[in-house]
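Novice: Just dropping this structure here.
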Amino acid sequence: MVKTNNFDLSEKQRMQSFKNFFIKYRTIIALIILLFILCIVNGFLLPSFLSVTNFLNVLRQVSVTGIIAVGMSFVIISGGIDISVGSILAMSGIIVTMALKNYNIPLTIAILIALIVSVALGLLNGLIIAYGRVLPFVATLGTMYLIRGLALILSGGRAISDLSDQFITIGRGFFLKIPIPIIIAFVVYIFGHFILTQFTFGRYVLGIGGNEESARLCGVAIKKVKLLVYGFCGLLCGIAGVVLAARLGSGQPNVGSGYELIAIAAAVIGGNSLSGGKGSIFGTLLGALMLGVVSNALNLWGVASFYQTVVTGGIVLVAVLADKAVITKDKD
Amino acid sequence: MVLNSKTNEVVIRMENITKRFGGICAVDDISFELYKGEILVLVGDNGAGKTTLLKILSGAYTADYGRIFVNGKLEKIENPMDARKLGTEMIYQDLALMDNLDIPSNIFMGREIRRRHILGLLGAMNLRAMRQKAEDLLNSFDISLNIRKIVRNLSGGQRQMVAISRAVYFDAKVIIMDEPTAALGVRETKRVNDSILKLKDIGISVIIISHNIKEVYELADRFMVMKNGKLVGTVRKEDITVDEIVAMIITGERSKSK
């Protein structure tokens with residue numbers, strides 16, 4: 001009889017943990033279902049939609065903004081925002097192409113230089129925000145203009161083209177029939193996911209976003225963590241910048257404006273809260289995919305780009321309102 | 001009393017502590033001692049300087065004047081990390097929890113259990129060990145909770161228990177609690193009080209800030225009364241009645257009966 005009771009209890013607990021699982025991952029479950037429905041419906045109506053070519057096409061399109069979105073997610077989860085990502089991306093592209101073209105520096109070293117500069121620019125953001133105590137939005141608004149201006153000065157406002165095939169392969173090449181940008185983005189997502197969930201750094205980012213003062217009292221080095229968050233975001237912008245320059249076949253100083261908003265949109269659709277402390281990299285991936293799939297489907301339907309912008313805005317609003325509705329319900 | 005003879009080892013001695021905020025003397029030349037494994041209740045009206053005094057001990061404020069001895073050694077406490085290294089942990093009224101995270105994340109924040117070898121050096125956490133340890137900590141207070149629960153969804157008493165567990169994990173020898181049961185119901189208050197007695201059993205000294213003597217009377221070994229930043233007196237529980245303590249709080253004068 002005791003055994004039956006125990007069994008009942010564990011059964012009840014299992015139901016409870018199942019329910020907890022559902023509540024915890026509701027955003028992700030909802031996004032997966034939505035993406036699934038979108039693919040099925042469009043697949044029925046548009047024969048070309050479900051082809052492997054189109055699938056890889058969507059992934060390639062979202063890879064650059066998707067990489068930035070990982071960095072943006074970390075920043076957002078820490079309770080901040082970084083709107084200078086597009087400028088750092090452009091700067092990275094200019095530096096790698098100039099290093100290759102004007103100074104004949106070997107490819108790996110040129111990429112390394114671009115990434116180091118990107119990290120440095122990210123750390124500059126972090127320095128102003130953590131140590132200068134400037135609001136993240138204002139600080140990165142300043143550096144957004146600053147870095148964009150520097151990229152224009154460095155390049156003389158012109159595109160830097162005629163690059164080696166070896167470099168262009170990074171953006172247009174394939175590895176095992178999969179476009180290289182997709183592989184890079186995939187690695188970045190895996191890396192980001194593990195950093196956030198398995199490493200103390202990710203834990204501190206979540207803690208600071210949840211309650212900065214509490215995290216400080218627990219002995220978390222708030223300023224250092226913030227500095228590193230923006231540095232990490234800078235690194236990912238640098239990677240995205242190299243990939244984009246390689247895909248375009250040139251370094252362009254004007255590239256990437258507006259990417260900050262796409263990255264923020266992907267993060268927010270994926271359930272990352274702009275007030276900080278809540279989010280996942282897997283959610284960001286789904287958010288980025290959602291934006292990519294919708295834009296691709298609208299393209300295939302022949303909808304003008306003006307309407308696509310409206311749809312993107314609609315998705316962001318619905319995502320945020322749905323999240324809000326669920327949270328309010330929880331509290332009741 | 002048996003207990004006192006067992007516990008006359010001084011853990012903390014604060015001498016002539018003074019702290020001013022502008023023209024107001026929040027803490028005025030206060031000296032007291034804390035013994036090992038005792039529960040000292042600090043009472044006084046709002047604005048008596050209770051919290052300020054203990055924030056000096058926990059490193060949240062620094063004193064303008066005065067000395068602090070820990071285990072007989074003169075120590076400088078300039079920030080919470082200094083205090084923590086000396087084994088003093090303050091549990092604030094808002095508990096300083098991160099509501100968005102689960103129980104182990106809160107207990108181990110800033111002190112995560114890491115994996116071995118190179119991954120650990122890079123900051124990889126041993127999540128399973130942390131869950132296990134968190135469960136053990138709570139079990140040692142006879143509390144069983146779904147360890148994966150987000151702290152936001154816990155009751156006031158459960159949150160208090162998470163904060164206490166965290167202090168114990170930080171290897172605290174002295175735990176300072178600011179109104180630990182102020183916002184709790186009867187049952188939860190009893191639970192938290194039982195846990196405080198358990199802390200005492202394992203040799204931890206507890207200082208409780210309170211302005212409701214009745215809530216903490218049963219727990220206390222000694223009372224310390226403050227008024228307007230000054231120490232009114234320190235008395236053992238067996239030497240005083242509740243009414244006499246109330247009189248001390250109100251009049252600011254030590255009762256003459258003893």
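Within each chain, counting starts at residue 1; across the structure tokens, chains are named A, B, ... in the order shown, with ligands numbered 1 upward in that order.
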For chain A, which residues have at least one atom within 6 Å of chain B, if we go by only C-alpha atoms? Write them as an NGL selection string, please.

Specialist: :A and (198-200 or 210-211 or 214 or 218-220)

Novice: Could you give me, as a PyMOL selection string, the residues within 6 Å of range 84-100 of chain A, counting only C-alpha atoms and dropping anything in the same chain fewer than 4 positions from it?

Specialist: chain A and resi 104-105+110-111+114+140+144+147-148+151+237-238+241-242+245+251+253+255-257+259-260

Novice: Tell me which protein, DNA and RNA residues are within 10 Å of range 246-254 of chain B, counting only C-alpha atoms, leaving out same-chain ones fewer than 2 positions away, and put them as a list in words.

Specialist: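 Everything that qualifies: Val43, Gly44, Asp45, Ala48, His211, Asn212, Ile213, Met224, Val225, Met226, Lys227, Asn228, Lys230, Leu231, Val232, Gly233, Thr234, Val235, Thr241, Val242, Asp243, Glu244, Lys256, Ser257 and Lys258 of chain B.
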
Novice: Please produce an output containing N, CA and C atoms for each residue in the selection, written as a PDB file, in the first residue's frame.

Specialist:
ATOM      1  N   VAL B  43      17.112  45.334  19.265  1.00  0.00           N
ATOM      2  CA  VAL B  43      15.798  45.962  19.157  1.00  0.00           C
ATOM      3  C   VAL B  43      15.899  47.473  19.328  1.00  0.00           C
ATOM      4  N   GLY B  44      14.869  48.145  18.854  1.00  0.00           N
ATOM      5  CA  GLY B  44      14.826  49.594  18.939  1.00  0.00           C
ATOM      6  C   GLY B  44      13.822  50.116  17.935  1.00  0.00           C
ATOM      7  N   ASP B  45      13.429  51.361  18.129  1.00  0.00           N
ATOM      8  CA  ASP B  45      12.437  51.949  17.239  1.00  0.00           C
ATOM      9  C   ASP B  45      13.023  52.172  15.849  1.00  0.00           C
ATOM     10  N   ALA B  48      16.573  53.980  15.038  1.00  0.00           N
ATOM     11  CA  ALA B  48      17.431  53.875  16.222  1.00  0.00           C
ATOM     12  C   ALA B  48      18.884  53.626  15.834  1.00  0.00           C
ATOM     13  N   HIS B 211      11.940  45.009  15.343  1.00  0.00           N
ATOM     14  CA  HIS B 211      11.275  45.933  16.235  1.00  0.00           C
ATOM     15  C   HIS B 211       9.981  45.328  16.779  1.00  0.00           C
ATOM     16  N   ASN B 212       9.885  44.019  16.631  1.00  0.00           N
ATOM     17  CA  ASN B 212       8.776  43.325  17.252  1.00  0.00           C
ATOM     18  C   ASN B 212       9.335  42.258  18.202  1.00  0.00           C
ATOM     19  N   ILE B 213       9.466  42.626  19.479  1.00  0.00           N
ATOM     20  CA  ILE B 213      10.135  41.751  20.439  1.00  0.00           C
ATOM     21  C   ILE B 213       9.420  40.427  20.581  1.00  0.00           C
ATOM     22  N   MET B 224      19.783  43.509  22.891  1.00  0.00           N
ATOM     23  CA  MET B 224      20.562  44.733  22.884  1.00  0.00           C
ATOM     24  C   MET B 224      19.586  45.808  22.433  1.00  0.00           C
ATOM     25  N   VAL B 225      19.466  46.869  23.219  1.00  0.00           N
ATOM     26  CA  VAL B 225      18.458  47.893  22.918  1.00  0.00           C
ATOM     27  C   VAL B 225      19.152  49.175  22.478  1.00  0.00           C
ATOM     28  N   MET B 226      18.664  49.747  21.380  1.00  0.00           N
ATOM     29  CA  MET B 226      19.219  51.016  20.892  1.00  0.00           C
ATOM     30  C   MET B 226      18.131  52.065  20.810  1.00  0.00           C
ATOM     31  N   LYS B 227      18.530  53.320  21.037  1.00  0.00           N
ATOM     32  CA  LYS B 227      17.607  54.439  20.830  1.00  0.00           C
ATOM     33  C   LYS B 227      18.410  55.638  20.344  1.00  0.00           C
ATOM     34  N   ASN B 228      17.951  56.267  19.297  1.00  0.00           N
ATOM     35  CA  ASN B 228      18.595  57.454  18.716  1.00  0.00           C
ATOM     36  C   ASN B 228      20.107  57.286  18.533  1.00  0.00           C
ATOM     37  N   LYS B 230      22.137  55.535  20.160  1.00  0.00           N
ATOM     38  CA  LYS B 230      22.902  55.192  21.370  1.00  0.00           C
ATOM     39  C   LYS B 230      22.491  53.823  21.897  1.00  0.00           C
ATOM     40  N   LEU B 231      23.440  53.168  22.558  1.00  0.00           N
ATOM     41  CA  LEU B 231      23.142  51.885  23.171  1.00  0.00           C
ATOM     42  C   LEU B 231      22.466  52.125  24.523  1.00  0.00           C
ATOM     43  N   VAL B 232      21.259  51.570  24.672  1.00  0.00           N
ATOM     44  CA  VAL B 232      20.559  51.718  25.952  1.00  0.00           C
ATOM     45  C   VAL B 232      21.067  50.671  26.936  1.00  0.00           C
ATOM     46  N   GLY B 233      21.268  49.458  26.422  1.00  0.00           N
ATOM     47  CA  GLY B 233      21.781  48.425  27.316  1.00  0.00           C
ATOM     48  C   GLY B 233      21.769  47.064  26.655  1.00  0.00           C
ATOM     49  N   THR B 234      22.528  46.143  27.213  1.00  0.00           N
ATOM     50  CA  THR B 234      22.556  44.774  26.741  1.00  0.00           C
ATOM     51  C   THR B 234      22.199  43.876  27.920  1.00  0.00           C
ATOM     52  N   VAL B 235      21.179  43.015  27.737  1.00  0.00           N
ATOM     53  CA  VAL B 235      20.743  42.186  28.865  1.00  0.00           C
ATOM     54  C   VAL B 235      20.478  40.757  28.424  1.00  0.00           C
ATOM     55  N   THR B 241      12.176  41.072  31.589  1.00  0.00           N
ATOM     56  CA  THR B 241      10.878  40.675  31.050  1.00  0.00           C
ATOM     57  C   THR B 241      10.604  41.473  29.785  1.00  0.00           C
ATOM     58  N   VAL B 242       9.629  40.999  29.025  1.00  0.00           N
ATOM     59  CA  VAL B 242       9.282  41.694  27.779  1.00  0.00           C
ATOM     60  C   VAL B 242       8.916  43.144  28.065  1.00  0.00           C
ATOM     61  N   ASP B 243       8.127  43.354  29.131  1.00  0.00           N
ATOM     62  CA  ASP B 243       7.684  44.718  29.436  1.00  0.00           C
ATOM     63  C   ASP B 243       8.846  45.645  29.753  1.00  0.00           C
ATOM     64  N   GLU B 244       9.850  45.069  30.439  1.00  0.00           N
ATOM     65  CA  GLU B 244      11.019  45.890  30.777  1.00  0.00           C
ATOM     66  C   GLU B 244      11.802  46.279  29.513  1.00  0.00           C
ATOM     67  N   LYS B 256      15.668  49.728  36.259  1.00  0.00           N
ATOM     68  CA  LYS B 256      16.470  49.769  37.482  1.00  0.00           C
ATOM     69  C   LYS B 256      16.361  48.485  38.291  1.00  0.00           C
ATOM     70  N   SER B 257      15.403  47.626  37.919  1.00  0.00           N
ATOM     71  CA  SER B 257      15.126  46.470  38.761  1.00  0.00           C
ATOM     72  C   SER B 257      16.344  45.554  38.911  1.00  0.00           C
ATOM     73  N   LYS B 258      17.192  45.436  37.850  1.00  0.00           N
ATOM     74  CA  LYS B 258      18.326  44.518  37.973  1.00  0.00           C
ATOM     75  C   LYS B 258      19.645  45.285  37.984  1.00  0.00           C
TER      76      LYS B 258
END

Novice: Could you give me, as number ranges by chain, the residues within 10 Å of range 226-232 of chain A, counting only C-alpha atoms and dropping anything in the same chain fewer than 5 positions from it?

Specialist: A: 70-82, 85, 116, 118-131, 136, 192, 201-202, 204-205, 208, 221, 237-238

Novice: Using only C-alpha atoms, determine which residues lie at most 12 Å from range 301-308 of chain A, disregarding the query and same-chain residues fewer than 5 positions distant; provide the list as a PyMOL selection string.

Specialist: chain A and resi 42-43+45-49+291-296+313-315

Novice: Quick one, how far is CA of Ala30 in chain A from CA of Arg131 in chain B?

Specialist: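 About the pair CA of Ala30 in chain A and CA of Arg131 in chain B: they are 28.3 Å apart.
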
Novice: What lies within 10 Å of Tyr189 in chain A using only C-alpha atoms, ignoring chain neighbours under 5 positions off, as number ranges by chain?

Specialist: A: 66-67, 69-71, 183-184, 194-195, 281-282, 284-285

Novice: Keeping only N, CA, C and O atoms, write the selected residues to a file as a short mmCIF file (atom, residue, chain, number, x, y, z; two decimals), in the first residue's frame.

Specialist:
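That gives us part.cif:
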data_model
loop_
_atom_site.label_atom_id
_atom_site.label_comp_id
_atom_site.auth_asym_id
_atom_site.auth_seq_id
_atom_site.Cartn_x
_atom_site.Cartn_y
_atom_site.Cartn_z
N GLY A 66 22.17 36.66 -37.74
CA GLY A 66 22.01 35.66 -36.68
C GLY A 66 23.19 35.62 -35.74
O GLY A 66 23.04 35.48 -34.53
N ILE A 67 24.41 35.76 -36.31
CA ILE A 67 25.62 35.76 -35.47
C ILE A 67 25.57 36.98 -34.54
O ILE A 67 25.83 36.88 -33.34
N ALA A 69 22.98 38.50 -33.52
CA ALA A 69 21.88 38.34 -32.56
C ALA A 69 22.32 37.57 -31.32
O ALA A 69 21.79 37.80 -30.23
N VAL A 70 23.31 36.66 -31.46
CA VAL A 70 23.81 35.94 -30.28
C VAL A 70 24.48 36.93 -29.33
O VAL A 70 24.19 36.94 -28.12
N GLY A 71 25.34 37.79 -29.89
CA GLY A 71 25.99 38.80 -29.05
C GLY A 71 24.96 39.73 -28.43
O GLY A 71 25.03 40.06 -27.23
N ILE A 183 27.73 27.30 -41.43
CA ILE A 183 28.53 26.51 -40.47
C ILE A 183 29.08 27.42 -39.37
O ILE A 183 29.01 27.09 -38.18
N ILE A 184 29.58 28.59 -39.79
CA ILE A 184 30.13 29.52 -38.79
C ILE A 184 29.04 29.94 -37.81
O ILE A 184 29.23 29.92 -36.59
N PHE A 194 26.28 27.22 -24.85
CA PHE A 194 27.04 26.62 -23.75
C PHE A 194 27.57 27.66 -22.79
O PHE A 194 27.57 27.46 -21.58
N ILE A 195 28.01 28.79 -23.35
CA ILE A 195 28.52 29.85 -22.46
C ILE A 195 27.39 30.31 -21.53
O ILE A 195 27.59 30.49 -20.33
N ILE A 281 19.73 31.31 -25.93
CA ILE A 281 20.33 31.42 -27.26
C ILE A 281 19.51 30.61 -28.26
O ILE A 281 19.36 30.99 -29.42
N PHE A 282 18.94 29.50 -27.79
CA PHE A 282 18.07 28.71 -28.67
C PHE A 282 16.86 29.54 -29.09
O PHE A 282 16.44 29.50 -30.25
N THR A 284 16.79 32.77 -29.42
CA THR A 284 17.29 33.73 -30.40
C THR A 284 17.40 33.09 -31.78
O THR A 284 17.04 33.69 -32.79
N LEU A 285 17.90 31.85 -31.79
CA LEU A 285 18.00 31.11 -33.05
C LEU A 285 16.63 31.01 -33.71
O LEU A 285 16.46 31.30 -34.90
#

Novice: Just list the residues in range 153-233 of chain A DSSP gives strand (DSSP E) on the backbone, as a PyMOL selection string.

Specialist: chain A and resi 174-175+178-179

Novice: Write a file of the selected residues as a compact mmCIF listing (two decimals), in the first residue's frame, keeping all heavy atoms.

Specialist:
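The result, stored in result03.txt:
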# COMPACT_ATOMS: atom_id res chain seq x y z
N PHE A 174 31.53 26.39 -49.87
CA PHE A 174 30.76 25.31 -49.25
C PHE A 174 31.70 24.36 -48.53
O PHE A 174 32.85 24.19 -48.93
CB PHE A 174 29.99 24.53 -50.32
CG PHE A 174 28.89 25.31 -50.95
CD1 PHE A 174 29.16 26.20 -52.00
CD2 PHE A 174 27.58 25.20 -50.50
CE1 PHE A 174 28.15 26.94 -52.57
CE2 PHE A 174 26.57 25.93 -51.08
CZ PHE A 174 26.85 26.81 -52.12
N PHE A 175 31.20 23.76 -47.48
CA PHE A 175 31.92 22.68 -46.83
C PHE A 175 30.92 21.55 -46.66
O PHE A 175 29.88 21.74 -46.04
CB PHE A 175 32.46 23.16 -45.47
CG PHE A 175 33.22 22.11 -44.73
CD1 PHE A 175 34.52 21.77 -45.11
CD2 PHE A 175 32.65 21.46 -43.65
CE1 PHE A 175 35.23 20.80 -44.44
CE2 PHE A 175 33.37 20.48 -42.97
CZ PHE A 175 34.65 20.15 -43.36
N ILE A 178 27.46 22.40 -47.57
CA ILE A 178 26.75 23.39 -46.75
C ILE A 178 27.51 24.71 -46.85
O ILE A 178 28.73 24.73 -46.69
CB ILE A 178 26.67 22.95 -45.28
CG1 ILE A 178 25.95 21.61 -45.18
CG2 ILE A 178 25.96 24.00 -44.43
CD1 ILE A 178 26.05 20.95 -43.82
N PRO A 179 26.82 25.83 -47.12
CA PRO A 179 27.49 27.12 -47.21
C PRO A 179 28.27 27.42 -45.92
O PRO A 179 27.76 27.20 -44.81
CB PRO A 179 26.35 28.12 -47.39
CG PRO A 179 25.26 27.32 -48.00
CD PRO A 179 25.38 25.94 -47.43

Novice: Using CA of Gln61 in chain A and CA of Leu286 in chain A as the two end points, give the distance in Å to one decimal.

Specialist: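 A separation of 14.1 Å between them.
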